[in-house]
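Visitor: Here you go, one structure.
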2 protein chains.
Amino acid sequence: MNKKIHWGIMGLGKIAHKFAQDLKLVDNAVITAVGSRSMDKATDFASSYDAKNAYSSYEELAQDPDVDIIYIATPHSLHYENTLLCLNHGKSALCEKPIALNQEQAEEMAALARSKNLFLMEGIWTRFIPATHKLLELLEQKSIGDLHYLKADFGFIVNAPPESRLVDKNLGGGALLDIGIYPLYLSMLVLGNPIDIKANAILAPNGIDQFCSVIASFPNNTQAVMESSFISNTPTEAFIYGSKGYIKMHRKFHQSEKLELHLYESDTTQIFELPIKGNGYVHEIEHVHERLHANATQSDLLPLEMSLQLTRHLDRIKELIGLKYT
Amino acid sequence: MNKKIHWGIMGLGKIAHKFAQDLKLVDNAVITAVGSRSMDKATDFASSYDAKNAYSSYEELAQDPDVDIIYIATPHSLHYENTLLCLNHGKSALCEKPIALNQEQAEEMAALARSKNLFLMEGIWTRFIPATHKLLELLEQKSIGDLHYLKADFGFIVNAPPESRLVDKNLGGGALLDIGIYPLYLSMLVLGNPIDIKANAILAPNGIDQFCSVIASFPNNTQAVMESSFISNTPTEAFIYGSKGYIKMHRKFHQSEKLELHLYESDTTQIFELPIKGNGYVHEIEHVHERLHANATQSDLLPLEMSLQLTRHLDRIKELIGLKYT
């Protein structure tokens, strides 16, 4: 039997709650400690999930000797310094996406993890859900023939106060980094590294992107059309088109529980129901456990190199649309 | 009572049949003559629709003294010369879209129509259907608030022999000119003239575009995301997003009979059923009649200036994707 993994959770917002709920569903996962800037928040959270230790600073959490790995769920702008803090205290880290605000930060984070021989992964949990595995299996089997192009949108109305991490530029706000990352990641998972990227955006008065569209060229004459938005409720679906048919990932595609395979020649549609466990993070957590038990310092399904490439392409899009975080 | 309008039809393919069927449904429309390169085709067509005269050449049709206006339904590559032929013989013309292969041709066609004081219009019949009128009415009423962006796709699998006008480069084949024109036209109708255009394509071995994606910026900080494809069956829907809600044009959006208005604040959806008459060309034909009866030389809803702009933007996209017709 595998030994227990002792988790720390840093940053105790909405997503941390969902993640903690899912940790409770995973064998050998122990929520050992939590850290917030607010002591009240930390003690409340700790008592809700039976965490032994509650801290009112990220530093104390990073120093807790009983913690193996820390889940970083702070605003985007803090991912860099929070990850370095964890690694420098000998803790592995699962850092929410986007792993950093730019490629330079991401490179430094990856280099430190490597030098410390610690596990580091970006929290793109969508990589590990059953629908993603099934999608890749269908593509591997050439079920839709040669790939042509991919289309994915992700949009919802954000009615957040200016201080919300979603819209505060100082916290890395904007549609691209928060949700545009999902279509881009999907396109890279399916088609590889973009060769050429074109992008447009509608910037808000404070300079963050409220809407961002991207068209990109990939190897083997393939393409992607992508859209992310904080100013419209969109279908939030993904389509992968090939020579023999297409696969539709039903909404919301990044947490899809339903794939539709349509084949042109037979004009048939096959539906795959692929339920996720818990809030969807269970699959990611189980993967991290498996890698930690194997003494790996990276994920084989979401390696650091992938996160570095993703960050590089996000940087390129930011440059194209004139979005600059300081 | 208005006098009868005597129509000629040039180019007797599939679309000419649909158009002729709709001419039969319009008051005061008479199918006077038809012209094809094949005499058999011409006589068959003429007898099917009770046309008085059948010609085995476009020249003879253009010369028929009983004809007022000619509907040009030849392949794209012939629109220019066929329109000039009609105008030079004193005939008004309704020329199928795209009105020309490039802006230079379109400018010459428009100039000749003006100098001859003859009516000329591009056959974007989708402009005249009830759904388009309703869409513009809803936008005029600011029902979805300030406009943000538009998204439209148009794609179907083309399994055509190499000599088909759809895929033969010499006939102006390719997805952009044949169907990509619909999303682009819609974006211009709703948002104005694009300020900046970016495009990608998947070109076929013969150089035509099988797939083309376009993102464009428009005045007032608005955008469009568009896609046309001959290699995928796509939803073929359009969405117009505004600050208060969105309008969905159900498939196929260019001949939509169903608009959906969704408002964010009330979270309500209103459906408008907007049936088209006949094959959809009835609305266009009635509009042309109305303009001819008014002795107009242009449409007020689809003026030549709009066609010239459209052609200019298509030229720009062709340049961006490396598509060149000789």
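Going by the structure tokens order, chains are called A, B, ..., each with residues numbered from 1, while ligands are numbered from 1 in the order shown.
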What are the residues of chain B lining chain A at 8 Å or less? Count only C-alpha atoms, and put the answer as an MDAnalysis selection string.
Guide: chainID B and resid 148 198:202 213:217 221:223 225 231:232 241:243 245:246
Visitor: Which residues come within 10 Å of B:Asn206, counting only C-alpha atoms, excluding same-chain residues fewer than 6 positions away, as number ranges by chain?
Guide: B: 162, 167-169
Visitor: Could you tell me, as a PyMOL selection string, which residues of stretch 157-222 of chain B DSSP assigns to strand (DSSP E) when given the backbone?
Guide: chain B and resi 196-203+209-218+222
Visitor: Write down as a PyMOL selection string the residues of stretch 123-314 of chain B whose backbone DSSP state falls under helix (DSSP H, G or I).
Guide: chain B and resi 125-128+130-140+169-171+175-191+253-255+281-293+304-314
Visitor: As a ChimeraX atom specification, please: the residues near B:Ala16 (cut-off 9 Å, only C-alpha atoms, same-chain neighbours under 5 positions excluded).
Guide: /B:9-11,21,71-74
Visitor: Using only N, CA, C and O atoms, please write the residues we just selected to a file, as an mmCIF file, in the first residue's frame.
Guide:
data_model
loop_
_atom_site.group_PDB
_atom_site.id
_atom_site.type_symbol
_atom_site.label_atom_id
_atom_site.label_comp_id
_atom_site.auth_asym_id
_atom_site.auth_seq_id
_atom_site.Cartn_x
_atom_site.Cartn_y
_atom_site.Cartn_z
ATOM 1 N N ILE B 9 -32.152 34.518 -67.466
ATOM 2 C CA ILE B 9 -31.300 33.774 -66.538
ATOM 3 C C ILE B 9 -30.094 33.248 -67.306
ATOM 4 O O ILE B 9 -30.251 32.547 -68.320
ATOM 5 N N MET B 10 -28.920 33.576 -66.817
ATOM 6 C CA MET B 10 -27.671 33.212 -67.482
ATOM 7 C C MET B 10 -26.888 32.216 -66.628
ATOM 8 O O MET B 10 -26.546 32.525 -65.484
ATOM 9 N N GLY B 11 -26.640 31.020 -67.193
ATOM 10 C CA GLY B 11 -25.972 29.975 -66.391
ATOM 11 C C GLY B 11 -27.051 29.156 -65.704
ATOM 12 O O GLY B 11 -27.745 29.678 -64.825
ATOM 13 N N GLN B 21 -37.549 28.866 -59.689
ATOM 14 C CA GLN B 21 -38.717 28.441 -58.913
ATOM 15 C C GLN B 21 -39.277 29.625 -58.115
ATOM 16 O O GLN B 21 -40.495 29.805 -58.019
ATOM 17 N N TYR B 71 -30.357 37.623 -64.470
ATOM 18 C CA TYR B 71 -29.796 37.006 -63.266
ATOM 19 C C TYR B 71 -28.610 36.161 -63.702
ATOM 20 O O TYR B 71 -28.758 35.231 -64.497
ATOM 21 N N ILE B 72 -27.415 36.513 -63.207
ATOM 22 C CA ILE B 72 -26.182 35.846 -63.627
ATOM 23 C C ILE B 72 -25.795 34.797 -62.599
ATOM 24 O O ILE B 72 -25.439 35.114 -61.465
ATOM 25 N N ALA B 73 -25.906 33.522 -63.003
ATOM 26 C CA ALA B 73 -25.648 32.410 -62.079
ATOM 27 C C ALA B 73 -24.555 31.501 -62.638
ATOM 28 O O ALA B 73 -24.569 30.290 -62.441
ATOM 29 N N THR B 74 -23.615 32.118 -63.313
ATOM 30 C CA THR B 74 -22.478 31.372 -63.874
ATOM 31 C C THR B 74 -21.405 31.200 -62.784
ATOM 32 O O THR B 74 -21.507 31.783 -61.714
#
Visitor: In Å, how far is it from atom CA of B:Ser92 to atom CA of B:Asp178?
Guide: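 Computing the Euclidean distance for atom CA of B:Ser92 and atom CA of B:Asp178 yields 23.3 Å.
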Visitor: Give me the residues near stretch 49-56 of chain A as a PDB file with C-alpha atoms, in the first residue's frame, where near means some atom within 12 Å (using only C-alpha atoms) and where sequence neighbours in that chain fewer than 2 positions away do not count.
Guide:
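result_16.pdb written:
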ATOM      1  CA  HIS A   6       0.422  15.218   3.102  1.00  0.00           C
ATOM      2  CA  TRP A   7      -0.995  18.254   1.322  1.00  0.00           C
ATOM      3  CA  GLY A   8      -0.804  21.911   2.114  1.00  0.00           C
ATOM      4  CA  ILE A   9      -3.181  24.400   0.500  1.00  0.00           C
ATOM      5  CA  MET A  10      -2.034  27.949  -0.128  1.00  0.00           C
ATOM      6  CA  GLY A  11      -4.658  30.595  -0.923  1.00  0.00           C
ATOM      7  CA  LEU A  12      -8.115  29.691   0.335  1.00  0.00           C
ATOM      8  CA  ALA A  16      -9.257  25.831  -2.893  1.00  0.00           C
ATOM      9  CA  HIS A  17     -12.559  24.665  -1.434  1.00  0.00           C
ATOM     10  CA  LYS A  18     -13.373  22.608  -4.515  1.00  0.00           C
ATOM     11  CA  PHE A  19      -9.898  21.139  -4.493  1.00  0.00           C
ATOM     12  CA  ALA A  20     -10.072  20.311  -0.762  1.00  0.00           C
ATOM     13  CA  GLN A  21     -13.425  18.581  -1.274  1.00  0.00           C
ATOM     14  CA  ASP A  22     -11.790  16.433  -3.916  1.00  0.00           C
ATOM     15  CA  LEU A  23      -8.716  15.699  -1.797  1.00  0.00           C
ATOM     16  CA  LYS A  24     -11.155  14.114   0.664  1.00  0.00           C
ATOM     17  CA  LEU A  25     -12.150  11.634  -2.041  1.00  0.00           C
ATOM     18  CA  ALA A  29      -4.524  12.139   0.607  1.00  0.00           C
ATOM     19  CA  VAL A  30      -4.257  14.044   3.862  1.00  0.00           C
ATOM     20  CA  ILE A  31      -4.965  17.760   4.154  1.00  0.00           C
ATOM     21  CA  THR A  32      -2.255  18.573   6.651  1.00  0.00           C
ATOM     22  CA  ALA A  33      -2.065  22.345   6.609  1.00  0.00           C
ATOM     23  CA  VAL A  34      -3.595  25.422   5.036  1.00  0.00           C
ATOM     24  CA  GLY A  35      -2.338  28.968   4.710  1.00  0.00           C
ATOM     25  CA  SER A  36      -4.034  32.299   4.092  1.00  0.00           C
ATOM     26  CA  ARG A  37      -3.267  35.948   4.728  1.00  0.00           C
ATOM     27  CA  SER A  38      -6.238  35.866   7.104  1.00  0.00           C
ATOM     28  CA  MET A  39      -6.059  33.732  10.260  1.00  0.00           C
ATOM     29  CA  ASP A  40      -9.856  33.505  10.449  1.00  0.00           C
ATOM     30  CA  LYS A  41     -10.053  32.178   6.925  1.00  0.00           C
ATOM     31  CA  ALA A  42      -7.287  29.670   7.674  1.00  0.00           C
ATOM     32  CA  THR A  43      -8.853  28.305  10.865  1.00  0.00           C
ATOM     33  CA  ASP A  44     -12.312  28.114   9.268  1.00  0.00           C
ATOM     34  CA  PHE A  45     -10.927  26.276   6.258  1.00  0.00           C
ATOM     35  CA  ALA A  46      -8.823  23.954   8.412  1.00  0.00           C
ATOM     36  CA  SER A  47     -11.767  22.990  10.582  1.00  0.00           C
ATOM     37  CA  TYR A  58       2.255  31.516   3.208  1.00  0.00           C
ATOM     38  CA  GLU A  59       5.767  31.366   4.691  1.00  0.00           C
ATOM     39  CA  GLU A  60       4.652  29.380   7.726  1.00  0.00           C
ATOM     40  CA  LEU A  61       2.761  26.955   5.526  1.00  0.00           C
ATOM     41  CA  ALA A  62       5.829  26.462   3.326  1.00  0.00           C
ATOM     42  CA  GLN A  63       7.880  25.735   6.436  1.00  0.00           C
ATOM     43  CA  ASP A  64       5.548  23.093   7.905  1.00  0.00           C
ATOM     44  CA  PRO A  65       7.748  19.972   8.164  1.00  0.00           C
ATOM     45  CA  ASP A  66       4.750  17.630   7.893  1.00  0.00           C
ATOM     46  CA  VAL A  67       3.728  18.832   4.443  1.00  0.00           C
TER      47      VAL A  67
END
Visitor: I'd like the neighbourhood of B:Leu135 as JSON, numbers by chain, where a residue qualifies if any of its atoms comes within 10 Å (using only C-alpha atoms), though same-chain residues fewer than 6 positions away should be ignored.
Guide: {"B": [141, 143, 190, 240, 247, 248, 249, 259, 260, 261, 272]}
Visitor: Okay, now the selection with N, CA and C atoms, as a PDB file, in the first residue's frame?
Guide:
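As a result, again18.pdb now contains:
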ATOM      1  N   GLN B 141     -32.748  48.653 -32.091  1.00  0.00           N
ATOM      2  CA  GLN B 141     -33.428  48.913 -30.811  1.00  0.00           C
ATOM      3  C   GLN B 141     -32.482  48.760 -29.626  1.00  0.00           C
ATOM      4  N   SER B 143     -31.360  46.125 -28.420  1.00  0.00           N
ATOM      5  CA  SER B 143     -31.874  45.061 -27.546  1.00  0.00           C
ATOM      6  C   SER B 143     -30.750  44.301 -26.851  1.00  0.00           C
ATOM      7  N   VAL B 190     -23.277  44.191 -39.691  1.00  0.00           N
ATOM      8  CA  VAL B 190     -23.528  44.449 -38.275  1.00  0.00           C
ATOM      9  C   VAL B 190     -22.520  45.434 -37.680  1.00  0.00           C
ATOM     10  N   ILE B 240     -24.227  37.076 -32.273  1.00  0.00           N
ATOM     11  CA  ILE B 240     -23.868  38.483 -32.155  1.00  0.00           C
ATOM     12  C   ILE B 240     -23.969  38.827 -30.668  1.00  0.00           C
ATOM     13  N   ILE B 247     -27.617  37.528 -29.686  1.00  0.00           N
ATOM     14  CA  ILE B 247     -28.573  36.990 -30.651  1.00  0.00           C
ATOM     15  C   ILE B 247     -27.910  35.821 -31.355  1.00  0.00           C
ATOM     16  N   LYS B 248     -28.598  34.697 -31.378  1.00  0.00           N
ATOM     17  CA  LYS B 248     -28.091  33.540 -32.122  1.00  0.00           C
ATOM     18  C   LYS B 248     -28.924  33.375 -33.381  1.00  0.00           C
ATOM     19  N   MET B 249     -28.251  33.276 -34.524  1.00  0.00           N
ATOM     20  CA  MET B 249     -28.928  32.970 -35.774  1.00  0.00           C
ATOM     21  C   MET B 249     -28.760  31.467 -35.993  1.00  0.00           C
ATOM     22  N   LEU B 259     -34.343  33.148 -34.983  1.00  0.00           N
ATOM     23  CA  LEU B 259     -33.412  33.951 -34.198  1.00  0.00           C
ATOM     24  C   LEU B 259     -33.722  33.732 -32.726  1.00  0.00           C
ATOM     25  N   GLU B 260     -32.666  33.733 -31.943  1.00  0.00           N
ATOM     26  CA  GLU B 260     -32.810  33.560 -30.501  1.00  0.00           C
ATOM     27  C   GLU B 260     -32.179  34.780 -29.836  1.00  0.00           C
ATOM     28  N   LEU B 261     -32.978  35.447 -29.032  1.00  0.00           N
ATOM     29  CA  LEU B 261     -32.474  36.625 -28.313  1.00  0.00           C
ATOM     30  C   LEU B 261     -32.340  36.265 -26.846  1.00  0.00           C
ATOM     31  N   PHE B 272     -37.608  33.961 -32.186  1.00  0.00           N
ATOM     32  CA  PHE B 272     -38.366  34.544 -33.293  1.00  0.00           C
ATOM     33  C   PHE B 272     -38.349  33.563 -34.466  1.00  0.00           C
TER      34      PHE B 272
END
Visitor: Kindly give the distance, in Å, that separates atom CA of B:His283 and atom CA of B:Gly172, rounded to a single decimal.
Guide: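 Separation of atom CA of B:His283 and atom CA of B:Gly172: 26.8 Å.
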Visitor: Give me the residues within 12 Å of B:Ser299 as a PDB file with N, CA, C and O atoms, in the first residue's frame, counting only C-alpha atoms and dropping any in the same chain fewer than 2 places off.
Guide:
ATOM      1  N   ALA B  93     -28.566  43.960 -64.260  1.00  0.00           N
ATOM      2  CA  ALA B  93     -28.070  42.638 -63.860  1.00  0.00           C
ATOM      3  C   ALA B  93     -28.128  42.442 -62.355  1.00  0.00           C
ATOM      4  O   ALA B  93     -27.857  43.345 -61.562  1.00  0.00           O
ATOM      5  N   LEU B  94     -28.511  41.222 -61.997  1.00  0.00           N
ATOM      6  CA  LEU B  94     -28.397  40.754 -60.619  1.00  0.00           C
ATOM      7  C   LEU B  94     -27.351  39.648 -60.691  1.00  0.00           C
ATOM      8  O   LEU B  94     -27.612  38.581 -61.264  1.00  0.00           O
ATOM      9  N   LEU B 118     -27.800  51.764 -65.533  1.00  0.00           N
ATOM     10  CA  LEU B 118     -28.500  50.477 -65.400  1.00  0.00           C
ATOM     11  C   LEU B 118     -28.399  49.962 -63.971  1.00  0.00           C
ATOM     12  O   LEU B 118     -27.450  50.279 -63.255  1.00  0.00           O
ATOM     13  N   PHE B 119     -29.371  49.166 -63.597  1.00  0.00           N
ATOM     14  CA  PHE B 119     -29.382  48.585 -62.255  1.00  0.00           C
ATOM     15  C   PHE B 119     -28.384  47.439 -62.174  1.00  0.00           C
ATOM     16  O   PHE B 119     -28.346  46.566 -63.033  1.00  0.00           O
ATOM     17  N   LEU B 120     -27.574  47.440 -61.098  1.00  0.00           N
ATOM     18  CA  LEU B 120     -26.661  46.326 -60.840  1.00  0.00           C
ATOM     19  C   LEU B 120     -26.628  46.056 -59.343  1.00  0.00           C
ATOM     20  O   LEU B 120     -26.498  46.975 -58.528  1.00  0.00           O
ATOM     21  N   MET B 121     -26.749  44.778 -59.008  1.00  0.00           N
ATOM     22  CA  MET B 121     -26.692  44.384 -57.589  1.00  0.00           C
ATOM     23  C   MET B 121     -26.050  43.020 -57.469  1.00  0.00           C
ATOM     24  O   MET B 121     -26.215  42.163 -58.333  1.00  0.00           O
ATOM     25  N   GLU B 122     -25.302  42.822 -56.376  1.00  0.00           N
ATOM     26  CA  GLU B 122     -24.718  41.524 -56.060  1.00  0.00           C
ATOM     27  C   GLU B 122     -25.790  40.660 -55.385  1.00  0.00           C
ATOM     28  O   GLU B 122     -26.529  41.148 -54.518  1.00  0.00           O
ATOM     29  N   GLY B 123     -25.853  39.396 -55.768  1.00  0.00           N
ATOM     30  CA  GLY B 123     -26.939  38.533 -55.291  1.00  0.00           C
ATOM     31  C   GLY B 123     -26.744  37.949 -53.903  1.00  0.00           C
ATOM     32  O   GLY B 123     -26.846  36.732 -53.721  1.00  0.00           O
ATOM     33  N   ILE B 124     -26.506  38.818 -52.927  1.00  0.00           N
ATOM     34  CA  ILE B 124     -26.437  38.322 -51.538  1.00  0.00           C
ATOM     35  C   ILE B 124     -27.853  38.298 -50.993  1.00  0.00           C
ATOM     36  O   ILE B 124     -28.281  39.178 -50.242  1.00  0.00           O
ATOM     37  N   TRP B 125     -28.578  37.255 -51.375  1.00  0.00           N
ATOM     38  CA  TRP B 125     -30.014  37.156 -51.112  1.00  0.00           C
ATOM     39  C   TRP B 125     -30.315  37.121 -49.623  1.00  0.00           C
ATOM     40  O   TRP B 125     -31.394  37.515 -49.188  1.00  0.00           O
ATOM     41  N   ARG B 127     -29.398  39.040 -47.482  1.00  0.00           N
ATOM     42  CA  ARG B 127     -29.660  40.397 -46.974  1.00  0.00           C
ATOM     43  C   ARG B 127     -31.147  40.686 -46.833  1.00  0.00           C
ATOM     44  O   ARG B 127     -31.544  41.545 -46.039  1.00  0.00           O
ATOM     45  N   PHE B 128     -31.961  39.973 -47.623  1.00  0.00           N
ATOM     46  CA  PHE B 128     -33.365  40.366 -47.751  1.00  0.00           C
ATOM     47  C   PHE B 128     -34.345  39.454 -47.022  1.00  0.00           C
ATOM     48  O   PHE B 128     -35.533  39.711 -47.014  1.00  0.00           O
ATOM     49  N   GLU B 284     -35.371  38.631 -52.167  1.00  0.00           N
ATOM     50  CA  GLU B 284     -34.403  39.359 -52.980  1.00  0.00           C
ATOM     51  C   GLU B 284     -35.067  39.855 -54.272  1.00  0.00           C
ATOM     52  O   GLU B 284     -34.902  41.015 -54.673  1.00  0.00           O
ATOM     53  N   ILE B 285     -35.816  38.981 -54.902  1.00  0.00           N
ATOM     54  CA  ILE B 285     -36.469  39.327 -56.172  1.00  0.00           C
ATOM     55  C   ILE B 285     -37.473  40.464 -55.966  1.00  0.00           C
ATOM     56  O   ILE B 285     -37.526  41.419 -56.745  1.00  0.00           O
ATOM     57  N   GLU B 286     -38.253  40.360 -54.887  1.00  0.00           N
ATOM     58  CA  GLU B 286     -39.222  41.417 -54.602  1.00  0.00           C
ATOM     59  C   GLU B 286     -38.518  42.761 -54.393  1.00  0.00           C
ATOM     60  O   GLU B 286     -39.006  43.802 -54.831  1.00  0.00           O
ATOM     61  N   HIS B 287     -37.366  42.700 -53.739  1.00  0.00           N
ATOM     62  CA  HIS B 287     -36.598  43.932 -53.519  1.00  0.00           C
ATOM     63  C   HIS B 287     -36.113  44.513 -54.856  1.00  0.00           C
ATOM     64  O   HIS B 287     -36.223  45.722 -55.097  1.00  0.00           O
ATOM     65  N   VAL B 288     -35.609  43.653 -55.716  1.00  0.00           N
ATOM     66  CA  VAL B 288     -35.128  44.115 -57.028  1.00  0.00           C
ATOM     67  C   VAL B 288     -36.287  44.730 -57.821  1.00  0.00           C
ATOM     68  O   VAL B 288     -36.139  45.801 -58.437  1.00  0.00           O
ATOM     69  N   HIS B 289     -37.438  44.082 -57.776  1.00  0.00           N
ATOM     70  CA  HIS B 289     -38.618  44.633 -58.468  1.00  0.00           C
ATOM     71  C   HIS B 289     -38.939  46.038 -57.958  1.00  0.00           C
ATOM     72  O   HIS B 289     -39.176  46.957 -58.729  1.00  0.00           O
ATOM     73  N   GLU B 290     -38.952  46.135 -56.656  1.00  0.00           N
ATOM     74  CA  GLU B 290     -39.293  47.422 -56.034  1.00  0.00           C
ATOM     75  C   GLU B 290     -38.317  48.500 -56.506  1.00  0.00           C
ATOM     76  O   GLU B 290     -38.708  49.633 -56.814  1.00  0.00           O
ATOM     77  N   ARG B 291     -37.029  48.162 -56.553  1.00  0.00           N
ATOM     78  CA  ARG B 291     -36.016  49.131 -56.985  1.00  0.00           C
ATOM     79  C   ARG B 291     -36.169  49.475 -58.471  1.00  0.00           C
ATOM     80  O   ARG B 291     -36.021  50.631 -58.869  1.00  0.00           O
ATOM     81  N   LEU B 292     -36.457  48.453 -59.274  1.00  0.00           N
ATOM     82  CA  LEU B 292     -36.637  48.711 -60.712  1.00  0.00           C
ATOM     83  C   LEU B 292     -37.868  49.588 -60.949  1.00  0.00           C
ATOM     84  O   LEU B 292     -37.841  50.502 -61.777  1.00  0.00           O
ATOM     85  N   HIS B 293     -38.926  49.308 -60.218  1.00  0.00           N
ATOM     86  CA  HIS B 293     -40.138  50.120 -60.368  1.00  0.00           C
ATOM     87  C   HIS B 293     -39.892  51.568 -59.947  1.00  0.00           C
ATOM     88  O   HIS B 293     -40.542  52.490 -60.432  1.00  0.00           O
ATOM     89  N   ALA B 294     -38.927  51.742 -59.040  1.00  0.00           N
ATOM     90  CA  ALA B 294     -38.582  53.098 -58.592  1.00  0.00           C
ATOM     91  C   ALA B 294     -37.534  53.732 -59.505  1.00  0.00           C
ATOM     92  O   ALA B 294     -37.017  54.810 -59.197  1.00  0.00           O
ATOM     93  N   ASN B 295     -37.201  53.029 -60.576  1.00  0.00           N
ATOM     94  CA  ASN B 295     -36.169  53.511 -61.511  1.00  0.00           C
ATOM     95  C   ASN B 295     -34.804  53.722 -60.849  1.00  0.00           C
ATOM     96  O   ASN B 295     -34.010  54.562 -61.292  1.00  0.00           O
ATOM     97  N   ALA B 296     -34.544  52.952 -59.815  1.00  0.00           N
ATOM     98  CA  ALA B 296     -33.247  53.043 -59.143  1.00  0.00           C
ATOM     99  C   ALA B 296     -32.217  52.239 -59.925  1.00  0.00           C
ATOM    100  O   ALA B 296     -32.551  51.267 -60.610  1.00  0.00           O
ATOM    101  N   THR B 297     -30.949  52.639 -59.816  1.00  0.00           N
ATOM    102  CA  THR B 297     -29.891  51.880 -60.480  1.00  0.00           C
ATOM    103  C   THR B 297     -29.082  51.060 -59.476  1.00  0.00           C
ATOM    104  O   THR B 297     -28.120  50.405 -59.841  1.00  0.00           O
ATOM    105  N   LEU B 301     -30.380  48.692 -49.900  1.00  0.00           N
ATOM    106  CA  LEU B 301     -30.023  47.787 -48.806  1.00  0.00           C
ATOM    107  C   LEU B 301     -28.690  47.087 -49.065  1.00  0.00           C
ATOM    108  O   LEU B 301     -28.009  46.659 -48.142  1.00  0.00           O
ATOM    109  N   LEU B 302     -28.346  46.947 -50.324  1.00  0.00           N
ATOM    110  CA  LEU B 302     -27.093  46.300 -50.704  1.00  0.00           C
ATOM    111  C   LEU B 302     -26.479  47.105 -51.850  1.00  0.00           C
ATOM    112  O   LEU B 302     -26.436  46.663 -52.996  1.00  0.00           O
ATOM    113  N   PRO B 303     -26.037  48.315 -51.517  1.00  0.00           N
ATOM    114  CA  PRO B 303     -25.529  49.198 -52.575  1.00  0.00           C
ATOM    115  C   PRO B 303     -24.197  48.697 -53.143  1.00  0.00           C
ATOM    116  O   PRO B 303     -23.520  47.882 -52.523  1.00  0.00           O
ATOM    117  N   LEU B 304     -23.854  49.197 -54.312  1.00  0.00           N
ATOM    118  CA  LEU B 304     -22.603  48.773 -54.954  1.00  0.00           C
ATOM    119  C   LEU B 304     -21.397  49.082 -54.079  1.00  0.00           C
ATOM    120  O   LEU B 304     -20.423  48.329 -54.065  1.00  0.00           O
ATOM    121  N   GLU B 305     -21.463  50.191 -53.331  1.00  0.00           N
ATOM    122  CA  GLU B 305     -20.342  50.543 -52.452  1.00  0.00           C
ATOM    123  C   GLU B 305     -20.064  49.424 -51.444  1.00  0.00           C
ATOM    124  O   GLU B 305     -18.915  49.116 -51.139  1.00  0.00           O
ATOM    125  N   MET B 306     -21.126  48.798 -50.966  1.00  0.00           N
ATOM    126  CA  MET B 306     -20.978  47.668 -50.033  1.00  0.00           C
ATOM    127  C   MET B 306     -20.288  46.499 -50.733  1.00  0.00           C
ATOM    128  O   MET B 306     -19.385  45.869 -50.165  1.00  0.00           O
ATOM    129  N   SER B 307     -20.701  46.216 -51.958  1.00  0.00           N
ATOM    130  CA  SER B 307     -20.067  45.125 -52.713  1.00  0.00           C
ATOM    131  C   SER B 307     -18.606  45.427 -52.991  1.00  0.00           C
ATOM    132  O   SER B 307     -17.756  44.530 -52.969  1.00  0.00           O
TER     133      SER B 307
END
Visitor: Measure the distance from atom CA of A:Glu237 to atom CA of B:Ala152 in Å and round it to one decimal.
Guide: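 Going from atom CA of A:Glu237 over to atom CA of B:Ala152, I get 14.3 Å.
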Visitor: Pick from A:Asn28, A:Lys134, A:Ile276, A:Glu108: nearest to A:Leu87, with only C-alpha atoms counted?
Guide: A:Glu108
Visitor: When you look at A:Ala106 with a cut-off of 8 Å (counting only C-alpha atoms), what residues show up, excluding the ones that are within fewer than 3 positions of it in the same chain? I need them as a list in words.
Guide: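 Contacts, in chain order: Tyr80, Ile99, Ala100, Leu101, Asn102, Gln103, Met109, Ala110, Ser307, Leu308 and Thr311 of chain A.
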Visitor: May I ask which of the residues B:Leu166, B:Leu150, B:Asp267, B:Gly207 is the closest one to B:Leu186, counting only C-alpha atoms?
Guide: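 When distances to B:Leu186 are compared using only C-alpha atoms, the smallest one comes from B:Leu150.
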